[in-house]
Amino acid sequence: MLIPLIVLSVGAVAAGFVFHRWFIDPESAGEFWKGALFFNEHLMHEMHQVPLLVQLAATIVMLSGLLIAYLTYIRSPDAPAKFADTFQPLYRFLLNKWYFDQLYHFLFVRPAFAIGRLLWHRGDEGTIDRFGPNGSAWLVQVGSRAAVRLQTGYVYTYAFVMLIGLTAAITWAIAG
Amino acid sequence: MSFPILSLMLAVPAVAAIACLFLSAPAARLTALAATLIDLALGVVLWTSFDVGGAQWQFVEYAPLFGRFGWALGIDGYALLLIVLSVFLMPICIGASWQAIEKRVPEYMAAFLFTEVLMIGTFAAQDLFLFYIFFEAGLIPMFLIIGIWGGANRIYASYKFFLYTLLGSLLMFIAMLYMSITAGTTSIPALLNYDFPASVQTWLWLAFFASFAVKMPMWPVHTWLPDAHVQAPTAGSVILAGVLLKLGGYGFLRFSLPMFPEASASLVWLVFGLSAVAVIYTSLVALVQSDMKKLIAYSSVAHMAIVTIGLFAFNAQGIEGAMMVMLGHGLVSGALFLCVGVIYDRLHTREISRYGGLAINMPRYAILFLLFTMASIGLPGTSNFVGELLSLMGTYQVSTTIALLCTTGIILGAAYMLYLYRRVVWGEIKSEEVRQMSDLTPRELWLLVPIAAAVLWMGVYPESFLAPMRKDTQILLARIDRAKPAGDSLPTKGTGIVPAAHAETSAHGSAH
Amino acid sequence: MDYAANLAMTLPELVLAVGAIALMLVAAWGGPASTKAVSWASVAVLGGALIALTGPASAGGDAFYGLYRADAFAAFAKVLIYVGAAVAILMAPDFFRRTAGADLRPEYPVLILLSACGMGMMVSAGDLLTLYVGLELQSLAAYVLASFMRQDTRSAEAGLKYFVLGALASGILLYGISLVYGFTGSTLFDEIAGAYAAAPLTGSGRSLGLLFGLVFVFAGLAFKISAVPFHMWTPDVYEGAPTPVTAFFASAPKVAAIALAVRVAVEAMGPAEVQWRQIVIFASLASILLGAVAAIGQQNVKRLLAYSSINNVGFALIGLAAGTPEGVASVMTYMTIYLAMTLGSFLVVLQMRDADGQPIETIASLAGLSRTRPGLAAALAIFMFSLAGIPPLFGFYAKFAVFYAAVQAGLFPLAVIGVVFSVIGAYYYLRLVKTMYFDEPAGTFGAGDRLEGGLIVVAAVFVSPLGYLAIPALSAWTLAAANSLF
């Protein structure tokens, strides 16, 4: 594991020196990107004009991080635990990543699942299928039972239906 | 007339199908595999000899066999790609059924070969009624496949599939009759240039919509799909998701848009509205499924909605993107169903909760499943990314709102697919049964690796697939441009983006 | 026109009548032993009638002063009728031989010949009286055939019901005929058409007598084609009658009655098209719907096929409603394909026998047929998908033709409602396929007769996609037949 880390650290330190001419240098980087990225040369020039403190901001943060790491992991390894004990709420807050996961779970995940279940059971099954295919099938079955019941097997029923049909047709002819 | 390669592609599986019925199970398997591989080879020949940028219709065949309509075949770029997709997936389907299907093998193989005939026929048909016959006849073998070799609730699913789609298609049939009588021809190329009055177009469009929306399927007529997928055998699901769903999109592309441009334009709101609802609705429903196949089935509905918005964007990006989504989804969802089939064959359950930790004992499976999961989400470098990006770009030009709504579907897609993957593949091994499961066999690798290669090919070099359809898209756009709806995105030239040379003199100079 | 020319035009009926009488004598002297010989002789007579059709009988024009028409339409219908009748004779011996308590007697083929003769008169009628005589000859033979298994109470009941209701329908028809005669002064179709063209049929001054006559005549004919609401006899008679007889009822007489209805509608009452079209449309949609809905509740195959025939008549009537030559041609196309599908289905039903050879009629007994008798199951599946009108089977083209005619005539609502109803019909056809293919086997059927097997194959091939190759010829014939009416 050590060797890859060494290689990576070399890159981390040296990459900027090697590539800055192509990537950010206002004179030549525009040529390199050729519009693939929006490269604002004007802004790149302005970059050199910012106050020194801003330019060193990253370095300062890095050094203070280094210092804290040295103090808490090498100098006195029990310091983190003490810190955590002292600032319980803050520690928990940070440990749980600002409770963002819980917040997301509450705001997005749970509602999404609830809505999904609702749409599935109430929407697909309860509405679309119930009134669509299953409803039509039910309607047809009801009609089928009625039609079968009408078929009594008695000649007089059949004759009656025929005469009703005839009468209806004649009425239609008179009315029309 | 040149060599009738399309008829040959139809004849090979048809003859093999009939032969299968009279063979024993092992012989039927081999016959089916041989026939589908021959068709795959013919498909490759078809693709390589297709003249990209040449005539719109190629490999044309015509024989006035049936009185009112004829045996008219011919393909353009769209049809070519979908035929290639079909013949590519078919040998994989046969391979996937090699061991999973144990009962009534000859009939099974025959049903699949007939399905192949009908799929190729649908894409190649150049006659309105020939198209309808192929389109509709596909119901019969699929009905049998679901009903005979399906799961526990197969009978309900097969009826639902059959009657649902039949009802939609019949309305289209009446519209087709009207068109052929009014225009005096049944030739699709001729009808593509026939202008129906705008008032009639709306009715015809709606009739076609009834059919294709069910086939697609679009919300709210999608409910047959989850049932059909869940009950169908693995290969049945593959072919259903891989090719049969594409019939709807193909229909919109071939009929609705070019034949009824005005109606298409005036009903864009309907398509967009239903698609936007579908993307969000079905993605949310997919999220809560506990059955793997049902989850993928619902995700198919969401993906197909991306197809419909792209098609009705009335611009090249949208239409080409829609085609790419169709092809990509055909591969990816097919592969996902195969992935489900692989573990179903071992544990005989599709319940997600029964699985877990497959990465530990099935590493090769985990890798391929991961690839297809990522492709389904639309990760750059995979087929679906190209299609979804183009499709959404095209839609954005017409309606920013719809594009926004549909993009959330991609996020939800990532949610349900990753959630599925996490539960099945990661974590601890759930049970002793799961621990017993062995990694992919060479046969299964042979099924999944070609699809994986195709998915990456489409993602890395989509030009191979975009080139054959580019000219067709231009022809289509020239046809429908007159009805193109106004977009609301109002793209303006960015003021900040200035050529480097120009910036040198202006911005640079003024700053100093 | 001399008598010889007139007789030449009616040659098919003469062949049938003389043949039937001669065979009747053979039967009377020969007794039951002559059954086989008489059956084959009857088929030969039907073949002779078919050959006789090629002469003046198919293109001679009017015979006997317009009472009888020897035109292409009649000839086409007669071909279908003779084929249906011949198959009904051929499928009988095996059924009666195996069924306990039923013997085939030589009267069976003779009655079918007489019935065919009557049907020939029906489809050739140029006059209301020819129509009635032909219809009654056909019907009387049919009543006897329905109760041919005398010992079987169901068969006897079927015959009796058919007779009583048929008499009622004949009464209605005859009453209509008398009204028409009374208000037009003629029974000849041509003159009736002239009277309908001249009389006012709409508005306040319209001739109610003519309209009543029209309604009654159509009601009488609707009984014969078993269109709703005159269909009630069909399921009971079809279920009770011996299966070969049912097959016969569902095929030849249906073709004849439809052809007759077409001829009356077009030739006699063509000018009143607007008036009868409403009746036809109603009967059509009602038949499609009721045929489909009621069939779903059935457990008996023959009953199911009875409702199926009601359903199919509804579709055929869509072509008639169009009222155009294309519409009439589509009706004939429909009936041609329907004939093959129906005869094929009944031939399969004939194969349904238990281990003792006794006929079984429950749908449940078909369970798992695809495992025990794959060929038979495939044939029935082909017939069922075809009856449902699913491409690529030939039954689709039948529906294609009638809907084409309806759309061409501008009857969009009829076409749309018709196709929507056809989805309901598809459900019960699928049910048979489901029973045969999805369910576990419930038992097997005994081996079938060679001849019947051959007929099933012929019907299945005709109904299969190969049938599409027959479309150009079929279109030409049906259109020629239809044009002879206009």
# chains A, B, ... in the order shown; residues from 1 in each chain; ligands from 1

call {"tool": "closest_atom_pairs", "arguments": {"of": "chain A", "to": "chain C", "cutoff": "8 Å", "atoms": "only C-alpha atoms", "output": "tab-separated table"}}
result
residue	atom	partner	partner_atom	distance
A:Val140	CA	C:Val293	CA	6.2
A:Gln141	CA	C:Ile296	CA	7.5
A:Gly143	CA	C:Val293	CA	6.3
A:Ser144	CA	C:Ala294	CA	4.6
A:Arg145	CA	C:Gly297	CA	6.5
A:Ala147	CA	C:Ala294	CA	5.3
A:Val148	CA	C:Ala294	CA	6.0
A:Gln151	CA	C:Met232	CA	7.0
A:Gly153	CA	C:Asp236	CA	7.0
A:Val155	CA	C:Lys161	CA	6.4
A:Tyr158	CA	C:Met232	CA	5.5
A:Ala159	CA	C:Leu165	CA	6.6
A:Val161	CA	C:Pro229	CA	6.6
A:Met162	CA	C:Phe230	CA	5.2
A:Gly165	CA	C:Pro229	CA	5.7
A:Leu166	CA	C:Ala219	CA	6.5
A:Ala169	CA	C:Val215	CA	6.7
A:Ile170	CA	C:Val215	CA	6.5
A:Ala173	CA	C:Leu211	CA	6.7
A:Ile174	CA	C:Leu208	CA	7.2
A:Gly176	CA	C:Thr202	CA	7.9

call {"tool": "residues_around", "arguments": {"residues": "Ser155 of chain C", "least_positions_apart": "4", "cutoff": "10 Å", "atoms": "only C-alpha atoms", "output": "PDB file with C-alpha atoms, in the first residue's frame"}}
result
ATOM      1  CA  LEU C 145     -82.638 -34.570 -38.768  1.00  0.00           C
ATOM      2  CA  ALA C 146     -82.534 -32.754 -35.429  1.00  0.00           C
ATOM      3  CA  SER C 147     -84.449 -35.584 -33.762  1.00  0.00           C
ATOM      4  CA  PHE C 148     -82.695 -38.320 -35.657  1.00  0.00           C
ATOM      5  CA  MET C 149     -81.601 -40.085 -32.490  1.00  0.00           C
ATOM      6  CA  ARG C 150     -85.145 -40.975 -31.530  1.00  0.00           C
ATOM      7  CA  GLN C 151     -84.258 -42.761 -28.319  1.00  0.00           C
ATOM      8  CA  GLY C 159     -86.313 -31.565 -32.932  1.00  0.00           C
ATOM      9  CA  LEU C 160     -89.529 -30.567 -31.265  1.00  0.00           C
ATOM     10  CA  LYS C 161     -88.274 -27.177 -30.192  1.00  0.00           C
ATOM     11  CA  ASP C 236     -80.702 -25.900 -27.462  1.00  0.00           C
ATOM     12  CA  VAL C 237     -81.045 -27.431 -30.904  1.00  0.00           C
ATOM     13  CA  TYR C 238     -77.321 -27.480 -31.542  1.00  0.00           C
ATOM     14  CA  GLU C 239     -76.699 -29.143 -28.217  1.00  0.00           C
ATOM     15  CA  GLY C 240     -79.441 -31.710 -28.518  1.00  0.00           C
ATOM     16  CA  ALA C 241     -79.070 -32.738 -32.149  1.00  0.00           C
ATOM     17  CA  PRO C 242     -76.583 -35.473 -33.062  1.00  0.00           C
TER      18      PRO C 242
END

call {"tool": "residues_around", "arguments": {"residues": "Ser34 of chain C", "least_positions_apart": "5", "cutoff": "9 Å", "atoms": "only C-alpha atoms", "output": "list in words"}}
result
Val26, Ala27, Trp29, Ser39, Arg105 and Pro106 of chain C

call {"tool": "write_last_selection", "arguments": {"atoms": "N, CA, C and O atoms", "output": "PDB file, in the first residue's frame"}}
result
ATOM      1  N   VAL C  26     -84.303 -46.909 -52.651  1.00  0.00           N
ATOM      2  CA  VAL C  26     -83.273 -47.896 -52.298  1.00  0.00           C
ATOM      3  C   VAL C  26     -83.304 -48.137 -50.800  1.00  0.00           C
ATOM      4  O   VAL C  26     -83.242 -49.283 -50.325  1.00  0.00           O
ATOM      5  N   ALA C  27     -83.432 -47.029 -50.054  1.00  0.00           N
ATOM      6  CA  ALA C  27     -83.430 -47.147 -48.597  1.00  0.00           C
ATOM      7  C   ALA C  27     -84.632 -47.945 -48.121  1.00  0.00           C
ATOM      8  O   ALA C  27     -84.525 -48.763 -47.207  1.00  0.00           O
ATOM      9  N   TRP C  29     -86.279 -50.279 -49.626  1.00  0.00           N
ATOM     10  CA  TRP C  29     -86.151 -51.716 -49.859  1.00  0.00           C
ATOM     11  C   TRP C  29     -84.906 -52.293 -49.195  1.00  0.00           C
ATOM     12  O   TRP C  29     -84.934 -53.390 -48.695  1.00  0.00           O
ATOM     13  N   SER C  39     -75.170 -43.669 -48.411  1.00  0.00           N
ATOM     14  CA  SER C  39     -74.352 -42.512 -48.032  1.00  0.00           C
ATOM     15  C   SER C  39     -73.412 -42.122 -49.154  1.00  0.00           C
ATOM     16  O   SER C  39     -73.332 -40.963 -49.562  1.00  0.00           O
ATOM     17  N   ARG C 105     -79.354 -44.594 -40.174  1.00  0.00           N
ATOM     18  CA  ARG C 105     -80.255 -45.229 -41.115  1.00  0.00           C
ATOM     19  C   ARG C 105     -80.077 -44.547 -42.457  1.00  0.00           C
ATOM     20  O   ARG C 105     -79.617 -43.415 -42.533  1.00  0.00           O
ATOM     21  N   PRO C 106     -80.439 -45.234 -43.528  1.00  0.00           N
ATOM     22  CA  PRO C 106     -80.210 -44.646 -44.854  1.00  0.00           C
ATOM     23  C   PRO C 106     -81.012 -43.380 -45.095  1.00  0.00           C
ATOM     24  O   PRO C 106     -80.722 -42.636 -46.029  1.00  0.00           O
TER      25      PRO C 106
END

call {"tool": "interface_residues", "arguments": {"of": "chain C", "to": "chain B", "cutoff": "7 Å", "atoms": "only C-alpha atoms", "output": "short mmCIF file (atom, residue, chain, number, x, y, z; two decimals) with all heavy atoms, in the first residue's frame"}}
result
data_model
loop_
_atom_site.label_atom_id
_atom_site.label_comp_id
_atom_site.auth_asym_id
_atom_site.auth_seq_id
_atom_site.Cartn_x
_atom_site.Cartn_y
_atom_site.Cartn_z
N ILE C 390 -57.95 -13.86 -35.48
CA ILE C 390 -56.59 -13.44 -35.22
C ILE C 390 -55.72 -13.78 -36.42
O ILE C 390 -55.69 -14.94 -36.84
CB ILE C 390 -56.01 -14.17 -33.98
CG1 ILE C 390 -56.97 -14.12 -32.81
CG2 ILE C 390 -54.65 -13.62 -33.61
CD1 ILE C 390 -57.16 -12.78 -32.23
N PRO C 391 -55.03 -12.81 -37.01
CA PRO C 391 -54.09 -13.18 -38.05
C PRO C 391 -52.96 -14.00 -37.43
O PRO C 391 -52.73 -13.89 -36.23
CB PRO C 391 -53.57 -11.83 -38.56
CG PRO C 391 -53.82 -10.87 -37.44
CD PRO C 391 -55.00 -11.39 -36.70
N PRO C 392 -52.26 -14.77 -38.18
CA PRO C 392 -52.27 -14.90 -39.64
C PRO C 392 -53.23 -15.96 -40.13
O PRO C 392 -53.09 -16.40 -41.26
CB PRO C 392 -50.83 -15.34 -39.92
CG PRO C 392 -50.49 -16.21 -38.75
CD PRO C 392 -51.22 -15.64 -37.57
N TYR C 404 -63.84 -4.24 -44.23
CA TYR C 404 -63.44 -3.42 -45.38
C TYR C 404 -64.68 -2.85 -46.06
O TYR C 404 -64.76 -1.65 -46.34
CB TYR C 404 -62.65 -4.31 -46.34
CG TYR C 404 -61.90 -3.57 -47.43
CD1 TYR C 404 -60.58 -3.21 -47.25
CD2 TYR C 404 -62.51 -3.28 -48.65
CE1 TYR C 404 -59.88 -2.55 -48.24
CE2 TYR C 404 -61.83 -2.62 -49.65
CZ TYR C 404 -60.51 -2.26 -49.44
OH TYR C 404 -59.81 -1.61 -50.42
N VAL C 407 -66.34 -0.18 -43.82
CA VAL C 407 -65.62 1.10 -43.81
C VAL C 407 -65.79 1.78 -45.15
O VAL C 407 -65.97 3.00 -45.23
CB VAL C 407 -64.14 0.88 -43.47
CG1 VAL C 407 -63.34 2.13 -43.69
CG2 VAL C 407 -64.00 0.41 -42.04
N GLN C 408 -65.77 0.98 -46.21
CA GLN C 408 -65.94 1.56 -47.54
C GLN C 408 -67.31 2.22 -47.68
O GLN C 408 -67.44 3.24 -48.33
CB GLN C 408 -65.79 0.44 -48.57
CG GLN C 408 -65.36 0.93 -49.92
CD GLN C 408 -65.01 -0.22 -50.82
OE1 GLN C 408 -65.51 -1.33 -50.65
NE2 GLN C 408 -64.14 0.03 -51.78
N VAL C 416 -66.40 0.08 -35.72
CA VAL C 416 -65.65 0.22 -34.47
C VAL C 416 -66.29 -0.63 -33.37
O VAL C 416 -65.61 -1.38 -32.66
CB VAL C 416 -65.58 1.70 -34.06
CG1 VAL C 416 -65.04 1.83 -32.65
CG2 VAL C 416 -64.69 2.47 -35.03
N VAL C 419 -65.57 -4.35 -33.95
CA VAL C 419 -64.26 -4.88 -33.58
C VAL C 419 -64.09 -4.93 -32.07
O VAL C 419 -63.46 -5.83 -31.53
CB VAL C 419 -63.07 -4.11 -34.19
CG1 VAL C 419 -62.99 -4.34 -35.66
CG2 VAL C 419 -63.08 -2.67 -33.84
N VAL C 420 -64.68 -3.94 -31.39
CA VAL C 420 -64.54 -3.96 -29.94
C VAL C 420 -65.23 -5.19 -29.36
O VAL C 420 -64.69 -5.89 -28.50
CB VAL C 420 -65.11 -2.66 -29.33
CG1 VAL C 420 -65.17 -2.77 -27.83
CG2 VAL C 420 -64.25 -1.48 -29.73
N VAL C 423 -63.40 -8.54 -29.43
CA VAL C 423 -62.44 -8.88 -28.38
C VAL C 423 -63.08 -9.79 -27.34
O VAL C 423 -62.47 -10.74 -26.85
CB VAL C 423 -61.90 -7.60 -27.71
CG1 VAL C 423 -60.99 -7.94 -26.55
CG2 VAL C 423 -61.16 -6.76 -28.72
N TYR C 437 -54.18 -26.41 -24.02
CA TYR C 437 -52.73 -26.24 -23.97
C TYR C 437 -52.19 -25.97 -22.57
O TYR C 437 -51.07 -26.35 -22.26
CB TYR C 437 -52.29 -25.11 -24.91
CG TYR C 437 -52.17 -25.57 -26.33
CD1 TYR C 437 -53.26 -25.57 -27.17
CD2 TYR C 437 -50.96 -26.04 -26.82
CE1 TYR C 437 -53.17 -26.02 -28.47
CE2 TYR C 437 -50.84 -26.49 -28.12
CZ TYR C 437 -51.95 -26.47 -28.95
OH TYR C 437 -51.84 -26.93 -30.23
N PHE C 438 -52.97 -25.28 -21.73
CA PHE C 438 -52.41 -24.87 -20.45
C PHE C 438 -52.76 -25.85 -19.33
O PHE C 438 -52.05 -25.93 -18.35
CB PHE C 438 -52.91 -23.47 -20.05
CG PHE C 438 -52.61 -22.40 -21.05
CD1 PHE C 438 -53.09 -21.11 -20.87
CD2 PHE C 438 -51.82 -22.64 -22.15
CE1 PHE C 438 -52.81 -20.11 -21.79
CE2 PHE C 438 -51.53 -21.65 -23.08
CZ PHE C 438 -52.05 -20.38 -22.90
N TYR C 468 -54.34 -17.81 -47.47
CA TYR C 468 -54.23 -16.47 -48.06
C TYR C 468 -53.93 -16.54 -49.55
O TYR C 468 -54.25 -15.62 -50.28
CB TYR C 468 -53.13 -15.68 -47.36
CG TYR C 468 -53.57 -15.11 -46.03
CD1 TYR C 468 -53.57 -15.89 -44.90
CD2 TYR C 468 -54.01 -13.80 -45.92
CE1 TYR C 468 -53.98 -15.40 -43.68
CE2 TYR C 468 -54.43 -13.29 -44.71
CZ TYR C 468 -54.42 -14.10 -43.60
OH TYR C 468 -54.84 -13.61 -42.39
N LEU C 469 -53.30 -17.64 -49.94
CA LEU C 469 -52.98 -17.75 -51.36
C LEU C 469 -54.25 -17.90 -52.18
O LEU C 469 -54.23 -17.69 -53.39
CB LEU C 469 -52.05 -18.95 -51.58
CG LEU C 469 -50.69 -18.79 -50.91
CD1 LEU C 469 -49.88 -20.06 -51.03
CD2 LEU C 469 -49.92 -17.62 -51.54
N ILE C 471 -56.82 -16.06 -51.80
CA ILE C 471 -57.57 -14.80 -51.80
C ILE C 471 -57.87 -14.28 -53.20
O ILE C 471 -59.02 -13.92 -53.49
CB ILE C 471 -56.86 -13.74 -50.95
CG1 ILE C 471 -56.94 -14.13 -49.48
CG2 ILE C 471 -57.49 -12.37 -51.15
CD1 ILE C 471 -56.21 -13.19 -48.57
N PRO C 472 -56.89 -14.21 -54.11
CA PRO C 472 -57.24 -13.63 -55.42
C PRO C 472 -58.39 -14.36 -56.10
O PRO C 472 -59.32 -13.72 -56.59
CB PRO C 472 -55.93 -13.77 -56.20
CG PRO C 472 -54.88 -13.81 -55.17
CD PRO C 472 -55.47 -14.52 -54.00
#

call {"tool": "interface_residues", "arguments": {"of": "chain A", "to": "chain B", "cutoff": "8 Å", "atoms": "only C-alpha atoms", "output": "list of chain:residue names"}}
result
A:Gly30, A:Glu31, A:Lys34, A:Gly35, A:Phe38, A:Glu41, A:His42, A:Ala112, A:Phe113, A:Ile115, A:Gly116, A:Arg117, A:Leu119, A:Trp120, A:Asp124, A:Ile128, A:Asp129, A:Pro133

call {"tool": "write_last_selection", "arguments": {"atoms": "all heavy atoms", "output": "compact mmCIF listing (two decimals), in the first residue's frame"}}
result
# COMPACT_ATOMS: atom_id res chain seq x y z
N GLY A 30 -5.78 28.27 -23.41
CA GLY A 30 -6.87 28.41 -24.38
C GLY A 30 -6.60 27.58 -25.62
O GLY A 30 -7.50 26.92 -26.16
N GLU A 31 -5.38 27.54 -26.02
CA GLU A 31 -4.97 26.75 -27.17
C GLU A 31 -5.18 25.25 -26.89
O GLU A 31 -5.60 24.50 -27.76
CB GLU A 31 -3.49 27.05 -27.44
CG GLU A 31 -2.98 26.56 -28.77
CD GLU A 31 -3.73 27.17 -29.94
OE1 GLU A 31 -4.28 28.32 -29.81
OE2 GLU A 31 -3.83 26.51 -30.97
N LYS A 34 -9.13 24.39 -26.58
CA LYS A 34 -9.79 24.57 -27.89
C LYS A 34 -11.31 24.58 -27.78
O LYS A 34 -12.02 23.98 -28.58
CB LYS A 34 -9.37 23.45 -28.85
CG LYS A 34 -7.95 23.57 -29.34
CD LYS A 34 -7.79 22.76 -30.62
CE LYS A 34 -6.47 23.03 -31.30
NZ LYS A 34 -5.43 22.06 -30.98
N GLY A 35 -11.77 25.24 -26.73
CA GLY A 35 -13.22 25.37 -26.61
C GLY A 35 -13.93 24.17 -26.03
O GLY A 35 -15.14 24.17 -25.85
N PHE A 38 -15.07 25.86 -21.36
CA PHE A 38 -15.09 27.31 -21.49
C PHE A 38 -13.92 27.88 -20.71
O PHE A 38 -13.81 27.72 -19.51
CB PHE A 38 -16.42 27.86 -20.97
CG PHE A 38 -16.44 29.35 -20.96
CD1 PHE A 38 -16.08 30.07 -22.10
CD2 PHE A 38 -16.77 30.05 -19.82
CE1 PHE A 38 -16.08 31.44 -22.09
CE2 PHE A 38 -16.77 31.42 -19.81
CZ PHE A 38 -16.42 32.13 -20.95
N GLU A 41 -9.90 33.58 -20.37
CA GLU A 41 -8.51 34.04 -20.16
C GLU A 41 -8.46 35.25 -19.26
O GLU A 41 -7.56 35.42 -18.44
CB GLU A 41 -7.88 34.38 -21.51
CG GLU A 41 -7.64 33.15 -22.33
CD GLU A 41 -7.04 33.50 -23.66
OE1 GLU A 41 -6.40 34.56 -23.76
OE2 GLU A 41 -7.25 32.73 -24.59
N HIS A 42 -9.49 36.07 -19.43
CA HIS A 42 -9.54 37.27 -18.62
C HIS A 42 -9.54 36.91 -17.13
O HIS A 42 -8.76 37.43 -16.33
CB HIS A 42 -10.80 38.06 -18.97
CG HIS A 42 -10.98 39.28 -18.15
ND1 HIS A 42 -10.07 40.32 -18.15
CD2 HIS A 42 -11.93 39.61 -17.27
CE1 HIS A 42 -10.49 41.24 -17.32
NE2 HIS A 42 -11.61 40.83 -16.76
N ALA A 112 -40.93 8.62 -1.06
CA ALA A 112 -40.87 7.97 -2.36
C ALA A 112 -41.42 6.55 -2.26
O ALA A 112 -42.22 6.12 -3.10
CB ALA A 112 -39.44 7.95 -2.89
N PHE A 113 -41.02 5.85 -1.22
CA PHE A 113 -41.53 4.49 -1.06
C PHE A 113 -43.03 4.49 -0.80
O PHE A 113 -43.76 3.67 -1.36
CB PHE A 113 -40.80 3.78 0.09
CG PHE A 113 -39.52 3.15 -0.35
CD1 PHE A 113 -38.41 3.91 -0.61
CD2 PHE A 113 -39.45 1.78 -0.52
CE1 PHE A 113 -37.24 3.33 -1.04
CE2 PHE A 113 -38.27 1.19 -0.94
CZ PHE A 113 -37.16 1.97 -1.20
N ILE A 115 -45.21 6.75 -1.69
CA ILE A 115 -45.94 7.11 -2.91
C ILE A 115 -45.91 5.93 -3.88
O ILE A 115 -46.90 5.60 -4.53
CB ILE A 115 -45.33 8.36 -3.56
CG1 ILE A 115 -45.48 9.56 -2.63
CG2 ILE A 115 -45.99 8.65 -4.89
CD1 ILE A 115 -44.72 10.76 -3.09
N GLY A 116 -44.75 5.31 -3.98
CA GLY A 116 -44.63 4.16 -4.88
C GLY A 116 -45.62 3.09 -4.52
O GLY A 116 -46.32 2.54 -5.38
N ARG A 117 -45.72 2.79 -3.21
CA ARG A 117 -46.65 1.75 -2.78
C ARG A 117 -48.09 2.18 -3.07
O ARG A 117 -48.91 1.38 -3.51
CB ARG A 117 -46.46 1.49 -1.29
CG ARG A 117 -46.01 0.07 -1.03
CD ARG A 117 -45.64 -0.14 0.41
NE ARG A 117 -44.25 -0.48 0.49
CZ ARG A 117 -43.33 0.22 1.15
NH1 ARG A 117 -43.68 1.30 1.79
NH2 ARG A 117 -42.09 -0.17 1.14
N LEU A 119 -49.13 4.27 -5.41
CA LEU A 119 -49.42 4.21 -6.84
C LEU A 119 -49.59 2.76 -7.29
O LEU A 119 -50.41 2.46 -8.15
CB LEU A 119 -48.28 4.86 -7.62
CG LEU A 119 -48.13 6.36 -7.47
CD1 LEU A 119 -46.92 6.85 -8.22
CD2 LEU A 119 -49.36 7.07 -8.00
N TRP A 120 -48.81 1.91 -6.70
CA TRP A 120 -48.88 0.50 -7.11
C TRP A 120 -50.23 -0.10 -6.72
O TRP A 120 -50.96 -0.62 -7.55
CB TRP A 120 -47.72 -0.26 -6.47
CG TRP A 120 -47.67 -1.71 -6.80
CD1 TRP A 120 -48.21 -2.33 -7.89
CD2 TRP A 120 -47.05 -2.74 -6.03
NE1 TRP A 120 -47.95 -3.68 -7.85
CE2 TRP A 120 -47.25 -3.96 -6.71
CE3 TRP A 120 -46.34 -2.76 -4.82
CZ2 TRP A 120 -46.76 -5.18 -6.24
CZ3 TRP A 120 -45.85 -3.96 -4.36
CH2 TRP A 120 -46.06 -5.16 -5.06
N ASP A 124 -52.27 1.28 -9.83
CA ASP A 124 -52.26 0.19 -10.81
C ASP A 124 -53.32 -0.85 -10.50
O ASP A 124 -54.12 -1.22 -11.35
CB ASP A 124 -50.88 -0.47 -10.83
CG ASP A 124 -50.00 0.14 -11.90
OD1 ASP A 124 -50.32 1.26 -12.32
OD2 ASP A 124 -49.02 -0.49 -12.29
N ILE A 128 -56.53 1.26 -12.20
CA ILE A 128 -56.39 0.92 -13.62
C ILE A 128 -56.86 -0.50 -13.88
O ILE A 128 -57.71 -0.75 -14.74
CB ILE A 128 -54.94 1.10 -14.07
CG1 ILE A 128 -54.52 2.56 -13.92
CG2 ILE A 128 -54.77 0.65 -15.50
CD1 ILE A 128 -53.06 2.80 -14.19
N ASP A 129 -56.36 -1.45 -13.10
CA ASP A 129 -56.76 -2.83 -13.34
C ASP A 129 -58.19 -3.08 -12.91
O ASP A 129 -58.91 -3.83 -13.55
CB ASP A 129 -55.82 -3.77 -12.58
CG ASP A 129 -54.66 -4.19 -13.45
OD1 ASP A 129 -54.64 -3.78 -14.62
OD2 ASP A 129 -53.77 -4.90 -12.96
N PRO A 133 -59.15 -3.75 -17.19
CA PRO A 133 -59.33 -5.14 -17.61
C PRO A 133 -60.21 -5.96 -16.67
O PRO A 133 -61.14 -6.62 -17.13
CB PRO A 133 -57.90 -5.69 -17.62
CG PRO A 133 -57.01 -4.63 -17.16
CD PRO A 133 -57.76 -3.37 -17.04

call {"tool": "atom_distance", "arguments": {"atom1": "atom CA of Thr10 of chain C", "atom2": "atom CA of Ala57 of chain C"}}
result
6.0 Å

call {"tool": "residues_around", "arguments": {"residues": "Ser187 of chain B", "least_positions_apart": "5", "cutoff": "8 Å", "atoms": "only C-alpha atoms", "output": "PyMOL selection string"}}
result
chain B and resi 72+126-128
